[in-house]
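Contents: one structure, followed by commentary.
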Amino acid sequence: MAGRQILSRTRRLVLSAGMGMAAGVLQLRPVAAAELPADLLAAMQVFAQGAAVREGRVVLEIAELVDNGNAVPVRVAIDGGAPATAPVVAMALFNERNPQREVVVAQFGVLSGRPEFSTRIRLATSQKLVAMARLQDGSCWFRSVDVIVTLAACIEGES
Amino acid sequence: MARTRISLQGDPVRGVPMEIRTLIAHPMETGYRPGADGKVLARNLIRRFRCSFDDGARTQLVFAAELFPATAANPYIAFHFTPPGNGTLRFVWEGDQGFAQTETLAVRVA
Amino acid sequence: MVMAQIVARPEPADPRRSGFDFMGPSTQAMQRDDDRNPGMLWVVDGEALWSREPANGGKACIACHAAANSSMAGVAARYPAFDAASARPVTLGQRINVCRQQHQRLPVLAWESPDLLALEAFVAHQSRGRPIAPPADPRLAPFTEQGRQLFGQRLGQLNLSCSICHDRSAGRRLGGSPIPEGHATGYPLYRLEWQGLGSLQRRLRNCMAGVRAEPYAFGAPQWVALELYLAQRARGMPLETPAVRP
């Protein structure tokens, strides 16, 4: 077999657009609060503990095209770090289409020193993800993105 | 006892945040999946993770997380820790079916 | 006076691509970093088993083999190897079981059992980075040839052979996922689809089910023949155990 180049990211995204999925873009498409379904907004409100939820400040790092939805690496952080006057107290991840909205709710102690965490999550299908941060002054921020999940092509029953 | 792997990124320095990476072997069965016989497999999840630091005088929280079925199997959790001095890090994972595991790691600052 | 010019010709680059190259960057990072690689949990388990004295009072692996990072270095890279006693090739997992029976007086570990996978992962990990080097043993030749034929044989309701997808169509896509070249460079490996570590046999059984063929039983000689052929096909590529794959 002759040498082949690894498929370029651009070509992969164009192919997924051709398959009828949400139009692939060269970066994660930001999602406005107005596009989020009611039950997802409700879960966000619980985390916000009554505070207004504003868009921005939160960094959500995740592959735009996921190899397998069983284990998707994510990193949640604060753009530029939190202000010293209002450190981050908690951060959370929510999803749109898994059976349950919550993914993880994290709490930062005094000895943390950096408001970020990384983990691996399960995504049942292509969907929106929301990352949130609650600061010590009660203010709440969120960022939302669209993620495309590909599935194993060769359908294999375990035998 | 589930197998764990805990790694401090670099040498601890007083007052300098450093990343801790943790791995634990656990199936994280969601409670939504059917088994080969069609019956739903019982939920078996780690629900809580907690990292605290004991400097000999008191224990303080570093990082804690509540986990849900959307956490992948064999959970990987990475976070930061700012050592105030020498002491012991304590890692606790707890969850369904009485699962409870603790690991400790001594910390010596430069 | 004519000066002969010595022109250094660059080595032709290896056109073969490991499954690693077909993955997204975050999955690659998962494999590359031992702190993130879930397969390392099995390697750590295998390391514990290596030194554990069996309950029957027999010897632990370490008693004969000492430190695995020296005694096992390069071993997995030259498996499957010919076993004179049974007059046929054996895989690394089969060799571990032969050791258990003959030298430790212990029962064999079941296929895909956690302990067998852990020991296999631990031993193979000692060869990580080394080129795959199937032995030039003439006794292996007929079995390697059997493996080559199995690789090219159409099977199942979908009537596909390994070669049709992994030689002819490698680099193209099936249902949105890239088709890799099918080099067994990192086994046992952590497959995201399994949410756990598994053997080459398990992966190949999945392939056969995928083309709607009845998979050969665990431990069948066809798997050994295929593994031998795959080792030849991947000769020189670095071992990656424990690899991570989607």
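We name chains A, B, ... following the order of the structure tokens; residues begin at 1 in each chain, and ligands are numbered from 1 as shown.
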Write out as CSV a residue-level contact list of chain C versus chain A with cut-off 9 Å: for each qualifying residue the closest pair of atoms and the distance in Å to one decimal, counting only C-alpha atoms, rows sorted by chain and residue number upward.
```
residue,atom,partner,partner_atom,distance
C:Ala13,CA,A:Gly3,CA,8.7
C:Asp14,CA,A:Gly3,CA,7.8
C:Pro15,CA,A:Gly3,CA,4.1
C:Arg16,CA,A:Gly3,CA,6.6
C:Arg17,CA,A:Arg4,CA,8.1
C:Asp21,CA,A:Ile6,CA,6.8
C:Phe22,CA,A:Ile6,CA,6.6
C:Met23,CA,A:Asp67,CA,6.8
C:Gly24,CA,A:Asp67,CA,6.4
C:Pro25,CA,A:Ala63,CA,7.9
C:Ser26,CA,A:Ala63,CA,6.6
C:Thr27,CA,A:Asp67,CA,7.4
C:Met30,CA,A:Pro73,CA,8.3
C:Asp167,CA,A:Met1,CA,6.4
C:Arg168,CA,A:Met1,CA,7.1
C:Ala170,CA,A:Met1,CA,8.5
C:Gly171,CA,A:Arg4,CA,7.0
C:Arg172,CA,A:Leu7,CA,8.6
C:Arg173,CA,A:Ala153,CA,8.8
C:Leu174,CA,A:Ala153,CA,5.8
C:Gly175,CA,A:Ala153,CA,5.2
C:Gly176,CA,A:Thr150,CA,6.4
C:Ser177,CA,A:Ala153,CA,6.0
C:Pro178,CA,A:Leu7,CA,8.4
C:Leu192,CA,A:Asn70,CA,5.9
C:Glu193,CA,A:Asn70,CA,6.4
C:Trp194,CA,A:Asn70,CA,8.5
C:Gln195,CA,A:Asn70,CA,7.0
C:Arg202,CA,A:Glu158,CA,8.5
C:Arg205,CA,A:Ser159,CA,7.3
C:Asn206,CA,A:Glu156,CA,5.3
C:Cys207,CA,A:Glu156,CA,7.0
C:Met208,CA,A:Glu156,CA,8.3
C:Ala209,CA,A:Glu156,CA,5.6
C:Gly210,CA,A:Glu156,CA,4.9
C:Val211,CA,A:Cys154,CA,7.9
C:Arg212,CA,A:Glu156,CA,8.8
C:Pro215,CA,A:Ser159,CA,8.0
C:Arg245,CA,A:Asp67,CA,8.7
C:Pro246,CA,A:Asn68,CA,5.4
```
Take the selection from the previous step and output its residues with C-alpha atoms, as a tab-separated table (two decimals), in the first residue's frame.
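Output (selection_3.tsv):
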```tsv
chain	number	residue	atom	x	y	z
C	13	ALA	CA	10.33	6.76	4.90
C	14	ASP	CA	8.28	3.79	6.13
C	15	PRO	CA	4.91	4.18	4.37
C	16	ARG	CA	3.15	2.09	7.02
C	17	ARG	CA	1.04	3.90	9.59
C	21	ASP	CA	-1.73	8.00	13.43
C	22	PHE	CA	-5.44	7.63	12.61
C	23	MET	CA	-6.64	8.87	15.99
C	24	GLY	CA	-7.50	12.40	17.03
C	25	PRO	CA	-4.89	14.40	18.98
C	26	SER	CA	-6.60	14.00	22.35
C	27	THR	CA	-6.71	10.20	22.02
C	30	MET	CA	-4.09	9.69	26.16
C	167	ASP	CA	-4.73	-3.21	2.83
C	168	ARG	CA	-6.90	-1.87	0.01
C	170	ALA	CA	-6.83	1.82	4.68
C	171	GLY	CA	-6.98	5.60	5.05
C	172	ARG	CA	-10.51	5.78	3.70
C	173	ARG	CA	-13.57	5.98	5.91
C	174	LEU	CA	-16.28	3.58	7.02
C	175	GLY	CA	-19.29	5.30	8.52
C	176	GLY	CA	-17.33	8.37	9.54
C	177	SER	CA	-14.44	6.53	11.18
C	178	PRO	CA	-11.05	6.17	9.47
C	192	LEU	CA	-12.39	3.08	24.30
C	193	GLU	CA	-15.20	0.99	22.77
C	194	TRP	CA	-14.55	-1.76	25.36
C	195	GLN	CA	-13.97	0.70	28.22
C	202	ARG	CA	-10.70	-10.07	21.34
C	205	ARG	CA	-13.18	-11.60	17.16
C	206	ASN	CA	-14.90	-8.20	17.02
C	207	CYS	CA	-13.74	-7.82	13.40
C	208	MET	CA	-15.19	-11.21	12.49
C	209	ALA	CA	-18.49	-10.38	14.17
C	210	GLY	CA	-18.37	-7.09	12.28
C	211	VAL	CA	-18.41	-8.90	8.93
C	212	ARG	CA	-21.04	-11.27	10.29
C	215	PRO	CA	-15.49	-15.95	15.19
C	245	ARG	CA	-7.51	2.97	20.41
C	246	PRO	CA	-11.06	4.14	19.75
```
message: Please identify all residues of chain B having at least one atom at most 12 Å from any atom of chain C, considering only C-alpha atoms, and return them as a ChimeraX atom specification.
response: /B:1-9,19-29,71-78
How would the residues just picked look written out with N, CA and C atoms as a short mmCIF file (atom, residue, chain, number, x, y, z; two decimals), in the first residue's frame?
```
data_model
loop_
_atom_site.label_atom_id
_atom_site.label_comp_id
_atom_site.auth_asym_id
_atom_site.auth_seq_id
_atom_site.Cartn_x
_atom_site.Cartn_y
_atom_site.Cartn_z
N MET B 1 -9.56 -3.91 46.39
CA MET B 1 -8.80 -2.66 46.22
C MET B 1 -8.62 -2.39 44.73
N ALA B 2 -9.14 -1.28 44.26
CA ALA B 2 -8.98 -0.94 42.85
C ALA B 2 -7.57 -0.41 42.63
N ARG B 3 -7.02 -0.69 41.46
CA ARG B 3 -5.70 -0.18 41.15
C ARG B 3 -5.78 1.33 40.92
N THR B 4 -4.87 2.09 41.47
CA THR B 4 -4.83 3.53 41.24
C THR B 4 -3.45 3.93 40.74
N ARG B 5 -3.40 5.08 40.14
CA ARG B 5 -2.13 5.64 39.71
C ARG B 5 -2.21 7.13 39.96
N ILE B 6 -1.32 7.64 40.80
CA ILE B 6 -1.34 9.06 41.18
C ILE B 6 0.01 9.65 40.83
N SER B 7 -0.01 10.78 40.16
CA SER B 7 1.25 11.36 39.73
C SER B 7 1.27 12.85 39.99
N LEU B 8 2.30 13.32 40.67
CA LEU B 8 2.53 14.75 40.85
C LEU B 8 3.40 15.23 39.71
N GLN B 9 2.99 16.31 39.07
CA GLN B 9 3.76 16.83 37.93
C GLN B 9 4.84 17.76 38.42
N GLU B 19 0.22 20.35 39.16
CA GLU B 19 -0.88 19.49 38.74
C GLU B 19 -0.71 18.10 39.35
N ILE B 20 -1.84 17.55 39.79
CA ILE B 20 -1.89 16.15 40.23
C ILE B 20 -2.79 15.40 39.25
N ARG B 21 -2.32 14.25 38.76
CA ARG B 21 -3.12 13.43 37.85
C ARG B 21 -3.44 12.11 38.52
N THR B 22 -4.71 11.75 38.52
CA THR B 22 -5.12 10.50 39.17
C THR B 22 -5.87 9.61 38.19
N LEU B 23 -5.66 8.31 38.34
CA LEU B 23 -6.38 7.29 37.57
C LEU B 23 -6.83 6.23 38.55
N ILE B 24 -8.02 5.71 38.39
CA ILE B 24 -8.45 4.58 39.21
C ILE B 24 -9.21 3.59 38.34
N ALA B 25 -8.96 2.29 38.55
CA ALA B 25 -9.64 1.25 37.77
C ALA B 25 -11.04 1.05 38.34
N HIS B 26 -12.05 1.31 37.53
CA HIS B 26 -13.44 1.15 37.98
C HIS B 26 -14.33 1.14 36.74
N PRO B 27 -15.30 0.21 36.66
CA PRO B 27 -16.12 0.12 35.45
C PRO B 27 -17.08 1.28 35.23
N MET B 28 -17.42 2.01 36.28
CA MET B 28 -18.38 3.13 36.16
C MET B 28 -19.60 2.69 35.36
N GLU B 29 -20.22 1.62 35.83
CA GLU B 29 -21.44 1.12 35.17
C GLU B 29 -22.57 2.10 35.40
N THR B 71 -19.32 10.26 33.66
CA THR B 71 -17.86 10.14 33.82
C THR B 71 -17.43 8.82 33.20
N ALA B 72 -16.36 8.86 32.40
CA ALA B 72 -15.90 7.66 31.70
C ALA B 72 -15.37 6.62 32.67
N ALA B 73 -15.38 5.35 32.23
CA ALA B 73 -14.83 4.25 33.02
C ALA B 73 -13.36 4.50 33.31
N ASN B 74 -12.87 3.90 34.38
CA ASN B 74 -11.48 4.06 34.82
C ASN B 74 -11.15 5.57 34.92
N PRO B 75 -11.87 6.25 35.84
CA PRO B 75 -11.86 7.71 35.86
C PRO B 75 -10.47 8.33 35.97
N TYR B 76 -10.27 9.34 35.13
CA TYR B 76 -9.09 10.19 35.16
C TYR B 76 -9.53 11.55 35.70
N ILE B 77 -8.92 11.97 36.78
CA ILE B 77 -9.23 13.29 37.34
C ILE B 77 -7.91 14.01 37.61
N ALA B 78 -7.75 15.19 37.02
CA ALA B 78 -6.52 15.98 37.22
C ALA B 78 -6.91 17.36 37.72
#
```
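Of all the residues in segment 54-232 of chain C, the ones DSSP labels as strand (DSSP E) from the backbone are Ala81, Phe82, Asp83, Arg88, Pro89, Val90, Arg173, Leu174, Ser177, Pro178, Leu189, Tyr190, Arg191, Gly196, Leu197 and Gly198 of chain C.
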Can I get the selected residues back with C-alpha atoms, as an mmCIF file, in the first residue's frame?
```cif
data_model
loop_
_atom_site.group_PDB
_atom_site.id
_atom_site.type_symbol
_atom_site.label_atom_id
_atom_site.label_comp_id
_atom_site.auth_asym_id
_atom_site.auth_seq_id
_atom_site.Cartn_x
_atom_site.Cartn_y
_atom_site.Cartn_z
ATOM 1 C CA ALA C 81 7.528 -17.748 18.986
ATOM 2 C CA PHE C 82 7.935 -21.442 18.260
ATOM 3 C CA ASP C 83 7.348 -23.734 21.241
ATOM 4 C CA ARG C 88 3.717 -25.085 17.196
ATOM 5 C CA PRO C 89 3.923 -21.329 17.699
ATOM 6 C CA VAL C 90 2.551 -19.785 20.870
ATOM 7 C CA ARG C 173 -13.569 5.975 5.906
ATOM 8 C CA LEU C 174 -16.276 3.581 7.022
ATOM 9 C CA SER C 177 -14.439 6.534 11.178
ATOM 10 C CA PRO C 178 -11.049 6.174 9.471
ATOM 11 C CA LEU C 189 -4.520 -2.354 24.451
ATOM 12 C CA TYR C 190 -7.134 -0.108 26.021
ATOM 13 C CA ARG C 191 -9.990 0.204 23.597
ATOM 14 C CA GLY C 196 -11.193 -1.685 29.224
ATOM 15 C CA LEU C 197 -8.032 -3.473 28.198
ATOM 16 C CA GLY C 198 -8.246 -6.425 25.824
#
```
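DSSP, applied to the backbone of this structure, assigns alpha helix (DSSP H) to the following residues of segment 35-103 of chain A: Ala38, Asp39, Leu40, Leu41, Ala42, Ala43, Met44, Gln45, Val46, Phe47 and Ala48 of chain A.
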Residues of chain A that have any atom at most 10 Å from an atom of chain B: could you tabulate them with the shortest-distance atom pair and the distance in Å to one decimal, using only C-alpha atoms, ordered by chain and increasing number, as a tab-separated table?
```
residue	atom	partner	partner_atom	distance
A:Gly69	CA	B:Ala72	CA	9.1
A:Asn70	CA	B:Ala72	CA	6.2
A:Ala71	CA	B:Ala72	CA	5.2
A:Val72	CA	B:Ala72	CA	7.7
A:Pro73	CA	B:Tyr76	CA	8.9
A:Arg75	CA	B:Ala78	CA	9.0
A:Ala90	CA	B:Ala65	CA	9.3
A:Met91	CA	B:Ala65	CA	9.2
A:Ala92	CA	B:Ala65	CA	9.1
A:Leu93	CA	B:Ala70	CA	9.9
A:Phe94	CA	B:Ala70	CA	9.4
A:Asn95	CA	B:Ala70	CA	8.9
A:Asn98	CA	B:Ala70	CA	7.5
A:Pro99	CA	B:Tyr32	CA	8.2
A:Gln100	CA	B:Pro69	CA	7.8
A:Arg101	CA	B:Ala70	CA	8.8
A:Glu102	CA	B:Phe68	CA	6.6
A:Val103	CA	B:Ala70	CA	5.1
A:Val104	CA	B:Leu67	CA	5.0
A:Val105	CA	B:Glu66	CA	5.1
A:Ala106	CA	B:Ala65	CA	4.1
A:Gln107	CA	B:Ala64	CA	5.0
A:Phe108	CA	B:Phe63	CA	4.8
A:Gly109	CA	B:Val62	CA	4.5
A:Val110	CA	B:Val62	CA	6.4
A:Leu111	CA	B:Val62	CA	4.7
A:Ser112	CA	B:Phe81	CA	4.5
A:Gly113	CA	B:Thr82	CA	5.4
A:Arg114	CA	B:His80	CA	5.8
A:Pro115	CA	B:His80	CA	7.8
A:Glu116	CA	B:Phe79	CA	6.4
A:Phe117	CA	B:Phe79	CA	4.7
A:Ser118	CA	B:Ala78	CA	5.0
A:Thr119	CA	B:Ile77	CA	4.7
A:Arg120	CA	B:Ala72	CA	5.5
A:Ile121	CA	B:Thr71	CA	4.5
A:Arg122	CA	B:Ala70	CA	4.8
A:Leu123	CA	B:Ala70	CA	7.1
A:Ala124	CA	B:Ala70	CA	8.8
A:Gly157	CA	B:Ala36	CA	9.5
A:Glu158	CA	B:Ala36	CA	8.7
A:Ser159	CA	B:Ala36	CA	9.5
```
- prompt: Please, what distance in Å, to one decimal, runs between atom CA of Ser71 of chain C and atom CA of Pro135 of chain C?
  reply: 17.7 Å
Interface rows for segment 21-91 of chain C against segment 109-120 of chain C: nearest pair, Å to one decimal, 12 Å, only C-alpha atoms, as a tab-separated table:
```
residue	atom	partner	partner_atom	distance
C:Gly39	CA	C:Ala118	CA	9.2
C:Met40	CA	C:Ala118	CA	9.4
C:Leu41	CA	C:Ala118	CA	8.5
C:Trp42	CA	C:Ala118	CA	4.7
C:Val43	CA	C:Ala118	CA	5.8
C:Val44	CA	C:Ala118	CA	7.8
C:Asp45	CA	C:Ala118	CA	5.7
C:Gly46	CA	C:Ala118	CA	4.3
C:Glu47	CA	C:Leu119	CA	7.3
C:Ala48	CA	C:Leu119	CA	9.1
C:Leu49	CA	C:Leu119	CA	7.0
C:Trp50	CA	C:Leu119	CA	7.2
C:Ser51	CA	C:Leu119	CA	10.9
C:Arg52	CA	C:Leu119	CA	11.6
C:Cys61	CA	C:Leu119	CA	10.0
C:Ala68	CA	C:Leu119	CA	10.8
C:Met72	CA	C:Glu120	CA	11.0
C:Val75	CA	C:Glu120	CA	11.1
C:Ala76	CA	C:Glu120	CA	8.8
C:Tyr79	CA	C:Glu120	CA	11.6
C:Thr91	CA	C:Glu120	CA	10.0
```
